[in-house]
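Participant: Sharing my_file14.txt below, compact mmCIF, C-alpha atoms:
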```
# COMPACT_ATOMS: atom_id res chain seq x y z
CA MET A 753 -11.95 56.66 -31.87
CA ILE A 754 -8.57 55.31 -30.66
CA SER A 755 -8.76 52.94 -27.72
CA PRO A 756 -6.47 53.75 -24.79
CA LEU A 757 -5.63 50.03 -24.78
CA ALA A 758 -4.13 50.24 -28.29
CA HIS A 759 -0.47 51.09 -28.85
CA VAL A 760 -0.10 54.00 -31.26
CA ASP A 761 3.40 55.36 -31.71
CA PRO A 762 3.44 59.16 -31.26
CA SER A 763 5.09 59.60 -34.67
CA ALA A 764 2.35 57.70 -36.55
CA LYS A 765 0.11 59.85 -38.76
CA ILE A 766 -3.54 58.97 -38.24
CA GLY A 767 -6.27 60.43 -40.48
CA ASN A 768 -9.76 61.57 -39.60
CA ASN A 769 -12.46 59.23 -38.30
CA VAL A 770 -10.05 56.31 -37.84
CA THR A 771 -11.08 53.58 -35.39
CA ILE A 772 -8.28 51.69 -33.63
CA HIS A 773 -9.56 48.95 -31.36
CA PRO A 774 -8.03 47.69 -28.09
CA PHE A 775 -4.70 45.83 -28.38
CA ALA A 776 -4.00 46.94 -31.94
CA TYR A 777 -0.38 47.95 -32.57
CA ILE A 778 0.53 50.96 -34.72
CA ASP A 779 4.30 51.30 -35.20
CA ALA A 780 6.46 54.35 -35.84
CA ASN A 781 6.72 55.66 -39.42
CA VAL A 782 3.16 54.61 -40.25
CA GLU A 783 0.47 56.59 -42.07
CA ILE A 784 -3.21 55.60 -41.93
CA GLY A 785 -5.76 57.48 -44.04
CA ASP A 786 -9.25 58.66 -43.20
CA ASP A 787 -12.08 56.32 -42.21
CA CYS A 788 -9.94 53.22 -41.65
CA GLU A 789 -10.67 50.63 -38.97
CA ILE A 790 -7.97 48.56 -37.27
CA MET A 791 -9.37 45.62 -35.32
CA PRO A 792 -7.95 44.15 -32.08
CA TYR A 793 -4.51 42.48 -32.28
CA ALA A 794 -3.83 43.76 -35.79
CA SER A 795 -0.34 45.23 -36.31
CA ILE A 796 0.52 48.03 -38.72
CA MET A 797 4.29 48.03 -38.93
CA ASN A 798 7.04 50.53 -39.72
CA GLY A 799 7.00 51.71 -43.34
CA THR A 800 3.29 51.17 -44.00
CA ARG A 801 1.37 53.80 -45.96
CA MET A 802 -2.37 53.12 -45.89
CA GLY A 803 -5.05 54.99 -47.82
CA LYS A 804 -8.69 55.61 -46.95
CA HIS A 805 -11.62 53.36 -46.03
CA ASN A 806 -9.59 50.22 -45.25
CA LYS A 807 -10.54 47.62 -42.66
CA VAL A 808 -7.87 45.39 -41.14
CA TYR A 809 -9.11 42.44 -39.12
CA GLN A 810 -7.79 40.64 -36.04
CA GLY A 811 -4.26 39.31 -36.11
CA ALA A 812 -3.27 40.74 -39.49
CA ILE A 813 0.27 42.12 -39.86
CA ILE A 814 0.72 44.84 -42.47
CA GLY A 815 4.24 45.89 -43.43
CA ALA A 816 5.98 42.99 -41.70
CA ASP A 817 9.74 42.61 -42.12
CA PRO A 818 10.58 40.88 -45.43
CA GLN A 819 11.26 37.16 -45.29
CA ASP A 820 14.29 37.34 -47.55
CA PHE A 821 18.01 37.00 -46.77
CA ARG A 822 18.79 39.84 -49.18
CA TRP A 823 17.11 42.35 -46.89
CA LYS A 824 19.68 43.79 -44.51
CA GLY A 825 17.48 46.12 -42.52
CA GLU A 826 17.08 48.86 -45.12
CA LYS A 827 14.22 51.32 -44.72
CA THR A 828 11.50 49.97 -47.02
CA TYR A 829 7.77 50.38 -47.51
CA CYS A 830 4.38 48.75 -47.92
CA THR A 831 1.66 50.80 -49.63
CA ILE A 832 -2.04 49.99 -49.22
CA GLY A 833 -4.60 51.81 -51.40
CA ASP A 834 -8.22 52.65 -50.62
CA ASN A 835 -11.32 50.57 -49.83
CA ASN A 836 -9.53 47.32 -49.04
CA VAL A 837 -10.69 44.57 -46.70
CA ILE A 838 -7.83 42.64 -45.10
CA ARG A 839 -9.10 39.69 -43.10
CA GLU A 840 -7.77 37.76 -40.11
CA HIS A 841 -4.09 36.77 -39.90
CA VAL A 842 -3.12 38.12 -43.30
CA ILE A 843 0.61 38.90 -43.52
CA ILE A 844 1.87 41.48 -46.00
CA ASN A 845 5.65 41.96 -46.09
CA ARG A 846 7.14 45.29 -47.08
CA GLY A 847 9.82 45.55 -49.79
CA ILE A 848 13.47 44.56 -49.57
CA ARG A 849 14.75 47.49 -51.64
CA SER A 850 14.70 51.18 -50.82
CA THR A 851 13.71 51.86 -54.44
CA GLY A 852 10.68 49.54 -54.44
CA PHE A 853 7.51 48.79 -52.51
CA THR A 854 5.00 46.10 -51.76
CA VAL A 855 1.81 47.59 -53.21
CA ILE A 856 -1.85 46.69 -52.70
CA GLY A 857 -4.12 48.73 -54.98
CA ASP A 858 -7.72 49.79 -54.37
CA ASP A 859 -10.85 47.73 -53.70
CA CYS A 860 -9.18 44.40 -52.89
CA PHE A 861 -10.62 41.68 -50.68
CA ILE A 862 -7.82 39.71 -49.03
CA MET A 863 -9.16 36.72 -47.11
CA ALA A 864 -7.90 35.10 -43.91
CA ASP A 865 -4.40 33.62 -43.63
CA ALA A 866 -3.19 34.93 -46.99
CA HIS A 867 0.49 35.86 -47.28
CA ILE A 868 1.78 38.48 -49.74
CA GLY A 869 5.56 38.53 -50.05
CA HIS A 870 7.98 41.43 -50.45
CA ASP A 871 7.79 43.75 -53.46
CA SER A 872 4.63 42.14 -54.79
CA LEU A 873 2.00 44.17 -56.61
CA ILE A 874 -1.76 43.59 -56.39
CA LYS A 875 -3.09 46.06 -58.94
CA GLY A 876 -6.61 46.36 -57.55
CA ARG A 877 -10.23 45.13 -57.55
CA SER A 878 -8.96 41.62 -56.87
CA VAL A 879 -9.90 38.80 -54.49
CA ILE A 880 -7.12 36.92 -52.71
CA GLY A 881 -8.65 33.79 -51.18
CA ASN A 882 -8.10 32.07 -47.84
CA GLY A 883 -4.57 30.78 -47.42
CA VAL A 884 -3.26 32.11 -50.74
CA THR A 885 0.53 32.46 -50.77
CA LEU A 886 2.43 34.92 -52.96
CA ALA A 887 6.21 34.80 -52.93
CA GLY A 888 8.31 37.92 -53.46
CA ASP A 889 8.14 40.04 -56.61
CA CYS A 890 4.80 38.66 -57.79
CA THR A 891 2.20 40.66 -59.73
CA VAL A 892 -1.57 40.16 -59.77
CA GLY A 893 -3.58 42.07 -62.39
CA GLN A 894 -6.84 43.92 -61.89
CA CYS A 895 -10.14 42.13 -61.34
CA THR A 896 -8.42 38.79 -60.75
CA ILE A 897 -9.44 36.04 -58.32
CA LEU A 898 -6.95 33.73 -56.63
CA SER A 899 -9.03 31.03 -54.98
CA SER A 900 -8.18 29.46 -51.63
CA ASN A 901 -4.70 28.01 -51.15
CA ALA A 902 -3.41 29.00 -54.56
CA ILE A 903 0.36 29.46 -54.65
CA MET A 904 2.42 31.88 -56.74
CA HIS A 905 6.14 31.26 -57.15
CA GLU A 906 8.62 34.13 -56.97
CA ARG A 907 8.48 36.56 -59.92
CA SER A 908 5.29 35.10 -61.32
CA GLU A 909 2.70 37.39 -62.91
CA VAL A 910 -1.04 36.96 -63.38
CA GLY A 911 -2.85 39.19 -65.87
CA ASP A 912 -6.19 41.02 -65.59
CA TRP A 913 -9.55 39.23 -65.31
CA VAL A 914 -8.02 35.86 -64.44
CA LEU A 915 -9.45 33.12 -62.22
CA ILE A 916 -6.92 30.83 -60.52
CA LYS A 917 -8.74 27.85 -59.01
CA GLY A 918 -8.14 26.66 -55.47
CA GLY A 919 -4.88 24.87 -54.71
CA CYS A 920 -3.35 25.72 -58.08
CA ARG A 921 0.42 26.31 -58.17
CA ILE A 922 1.58 29.08 -60.52
CA VAL A 923 5.19 29.05 -61.67
CA GLY A 924 5.42 31.63 -64.43
CA ASN A 925 3.03 33.99 -66.17
CA VAL A 926 -0.74 33.70 -66.64
CA PRO A 927 -2.16 35.78 -69.53
CA PRO A 928 -5.37 37.82 -69.11
CA TYR A 929 -8.98 36.53 -69.21
CA VAL A 930 -8.27 32.83 -68.57
CA ILE A 931 -9.07 30.21 -65.95
CA ILE A 932 -6.15 28.13 -64.68
CA ALA A 933 -6.66 25.07 -62.49
CA HIS A 934 -4.99 22.03 -60.93
CA ASN A 935 -1.41 21.24 -60.00
CA PRO A 936 0.52 21.17 -62.31
CA ALA A 937 -1.41 24.11 -63.74
CA VAL A 938 -3.57 23.55 -66.83
CA TYR A 939 -5.62 25.85 -69.03
CA TYR A 940 -9.29 25.51 -68.03
CA GLY A 941 -11.00 27.86 -70.45
CA ILE A 942 -11.73 31.58 -70.42
CA ASN A 943 -13.20 33.60 -67.57
CA ALA A 944 -16.44 34.26 -69.49
CA VAL A 945 -18.92 34.16 -66.59
CA ILE A 946 -17.13 36.85 -64.58
CA MET A 947 -16.42 38.95 -67.67
CA ARG A 948 -20.06 38.84 -68.78
CA LYS A 949 -21.23 39.87 -65.30
CA HIS A 950 -18.99 42.93 -65.52
CA GLY A 951 -20.12 44.22 -68.87
CA PHE A 952 -17.93 42.54 -71.48
CA THR A 953 -19.89 42.03 -74.70
CA ASP A 954 -20.45 38.71 -76.43
CA ASP A 955 -18.18 39.85 -79.26
CA GLN A 956 -15.37 40.63 -76.82
CA ILE A 957 -15.76 37.27 -75.11
CA ASP A 958 -15.76 35.54 -78.50
CA ASP A 959 -12.48 37.27 -79.36
CA VAL A 960 -10.96 36.02 -76.12
CA ALA A 961 -12.15 32.47 -76.78
CA LYS A 962 -10.86 32.53 -80.36
CA SER A 963 -7.48 33.86 -79.24
CA TYR A 964 -6.95 31.17 -76.66
CA ARG A 965 -8.05 28.38 -78.98
CA HIS A 966 -5.00 29.31 -81.05
CA ILE A 967 -2.72 29.70 -78.04
CA TYR A 968 -3.68 26.69 -75.94
CA GLN A 969 -5.53 24.30 -78.24
CA SER A 970 -3.95 24.46 -81.69
CA GLY A 971 -0.95 22.24 -81.00
CA THR A 972 1.54 24.80 -82.30
CA SER A 973 4.22 26.94 -80.69
CA VAL A 974 3.33 30.09 -78.79
CA PHE A 975 5.16 32.11 -81.44
CA ASN A 976 3.02 30.68 -84.22
CA ALA A 977 -0.14 30.92 -82.11
CA VAL A 978 0.37 34.65 -81.61
CA LYS A 979 0.76 35.09 -85.37
CA ARG A 980 -2.51 33.19 -85.87
CA VAL A 981 -4.28 35.43 -83.34
CA GLU A 982 -3.11 38.53 -85.20
CA ALA A 983 -4.41 37.09 -88.49
CA ASP A 984 -7.70 35.72 -87.19
CA VAL A 985 -8.89 38.21 -84.51
CA ALA A 986 -9.78 41.79 -85.38
CA PRO A 987 -7.63 44.49 -83.72
CA SER A 988 -9.03 45.57 -80.34
CA ASP A 989 -8.00 46.31 -76.79
CA ILE A 990 -8.81 42.70 -75.93
CA ARG A 991 -6.50 41.32 -78.60
CA SER A 992 -3.77 43.80 -77.67
CA ASN A 993 -3.96 42.91 -73.98
CA ILE A 994 -3.47 39.22 -74.78
CA ILE A 995 -0.71 39.60 -77.36
CA ASP A 996 1.18 42.30 -75.45
CA PHE A 997 1.18 40.26 -72.25
CA ILE A 998 2.55 37.19 -74.02
CA ARG A 999 5.22 39.08 -75.94
CA ASN A 1000 6.25 41.15 -72.92
CA HIS A 1001 6.95 37.86 -71.14
CA ASP A 1002 9.06 36.40 -73.95
CA LEU A 1003 6.28 33.99 -74.98
CA LYS A 1004 6.67 32.19 -71.64
CA ILE A 1005 3.22 31.48 -70.18
CA VAL A 1006 1.92 28.74 -67.93
CA ALA A 1007 0.13 25.57 -69.02
CA ILE A 1008 1.82 25.32 -72.44
CA PRO A 1009 3.15 21.79 -73.17
CA LEU A 1010 6.95 21.84 -73.31
CA ASP A 1011 6.87 20.64 -76.92
CA TYR A 1012 4.98 23.79 -77.97
CA GLU A 1013 6.94 26.50 -76.17
```
Kindly present the structure from the file in structure tokens form.
Facilitator:
Amino acid sequence: MISPLAHVDPSAKIGNNVTIHPFAYIDANVEIGDDCEIMPYASIMNGTRMGKHNKVYQGAIIGADPQDFRWKGEKTYCTIGDNNVIREHVIINRGIRSTGFTVIGDDCFIMADAHIGHDSLIKGRSVIGNGVTLAGDCTVGQCTILSSNAIMHERSEVGDWVLIKGGCRIVGNVPPYVIIAHNPAVYYGINAVIMRKHGFTDDQIDDVAKSYRHIYQSGTSVFNAVKRVEADVAPSDIRSNIIDFIRNHDLKIVAIPLDYE
């Protein structure tokens, strides 16, 4: 299943039933799990650890050298989970630190021309749209969609079940279950349609909506809004996910007017 026209370094570890098409490049110190497919002209670079059932399309570069002046050639890694689709010309940089990794979880769909910077974490079950750009040390939560040409600044974090609309620029932290749009970024409501399709109940969605009315639409500080959420919304995993995210990021979230921070 490995074309004689592909370059596969003798030290690379290739699993069972892997297809490597002509002109693909598999570097040294690479591991590719079972049932993966590497299309022509894709490059899997030194330090990449890939799980099972992944498909990497033409021209993608996985585990590319970090684009960061702090990296001085240290041995670093890029870890890809299982069941991912990585489309044409995607670039995923490996980490800049020997103690860290760039990590793509399971079941992600990463569309053409996306760029994922060093030491970023895509937790899984997410869609990264065409031309999306993530700088280094970014985090994207589970079941999140970044629409085409969205941009994430260095060290930004997006929570679970978020929709970032196309062309939106994220500088900071986006709490779970919301829709963020435009540039500068603004709160655009909650991600109710996607949540409902995936089994969230009406009561859970109502709790999300009530929480974010306090946070984004009450005209008070984030500190006071969190107190209102605790008083007004019954304890639940939904409420905890929202409050914990905001507090763990020192009450600094995107799309809050400066007067209310």
Participant: Just to confirm, what's the straight-line distance from CA of Asn781 in chain A to CA of Gly883 in chain A in Å (one decimal)?
Facilitator: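 Distance reported for this atom pair: 28.5 Å.
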Participant: Nearest residue to Gly847 in chain A out of A:Thr800, A:Gln810, A:Gln894, A:Ser992, using all atoms listed in the file?
Facilitator: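 Distance minimum relative to Gly847 in chain A lands on A:Thr800.
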Participant: What's the separation between CA of Asn993 in chain A and CA of Gly918 in chain A, in Å to one decimal place?
Facilitator: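 Going from CA of Asn993 in chain A over to CA of Gly918 in chain A, I get 25.0 Å.
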Participant: Within 10 Å of range 760-770 of chain A, counting all atoms listed in the file, which residues show up once you throw out same-chain ones fewer than 4 positions away? Write them as a ChimeraX atom specification, please.
Facilitator: /A:753-756,775-790,796,798,800-807
Participant: For range 957-959 of chain A, please output as a PyMOL selection string all residues within 10 Å (counting all atoms listed in the file; exclusion window: fewer than 6 positions along the same chain).
Facilitator: chain A and resi 929+942-945+947-948+965+981+984-988+990-991
Participant: Using all atoms listed in the file, which residues sit within 7 Å of Ile1005 in chain A once same-chain residues fewer than 5 positions away are excluded, as a PyMOL selection string?
Facilitator: chain A and resi 924-927+998
Participant: Would you list the residues near (-1.1, 37.3, -61.7) (no more than 6 Å away, in the coordinates of the file, using only C-alpha atoms) as a ChimeraX atom specification?
Facilitator: /A:891-893,909-911
Participant: What residues have an atom no more than 9 Å from (-6.0, 33.3, -70.5) in the file's own frame, counting only C-alpha atoms, and can you write them as number ranges by chain?
Facilitator: A: 911, 913-915, 926-932, 939-943, 960-961, 963-964, 967-968, 994
Participant: What are the nearest atom pairs, with distances in Å to one decimal, for all residues of range 886-905 of chain A that come at most 10 Å from range 833-845 of chain A, using only C-alpha atoms, set out by chain and rising residue number as JSON lines?
Facilitator:
```
{"residue": "A:Leu886", "atom": "CA", "partner": "A:Ile844", "partner_atom": "CA", "distance": 9.6}
{"residue": "A:Ala887", "atom": "CA", "partner": "A:Asn845", "partner_atom": "CA", "distance": 9.9}
{"residue": "A:Gly888", "atom": "CA", "partner": "A:Asn845", "partner_atom": "CA", "distance": 8.8}
```
Participant: Would you write out those residues with C-alpha atoms, as a compact mmCIF listing (two decimals), in the coordinates of the input?
Facilitator:
```txt
# COMPACT_ATOMS: atom_id res chain seq x y z
CA LEU A 886 2.43 34.92 -52.96
CA ALA A 887 6.21 34.80 -52.93
CA GLY A 888 8.31 37.92 -53.46
```
Participant: Quick one: residues within 8 Å of Asp817 in chain A, all atoms listed in the file counted, chain neighbours fewer than 2 positions away excluded, as a ChimeraX atom specification?
Facilitator: /A:815,819,845-846
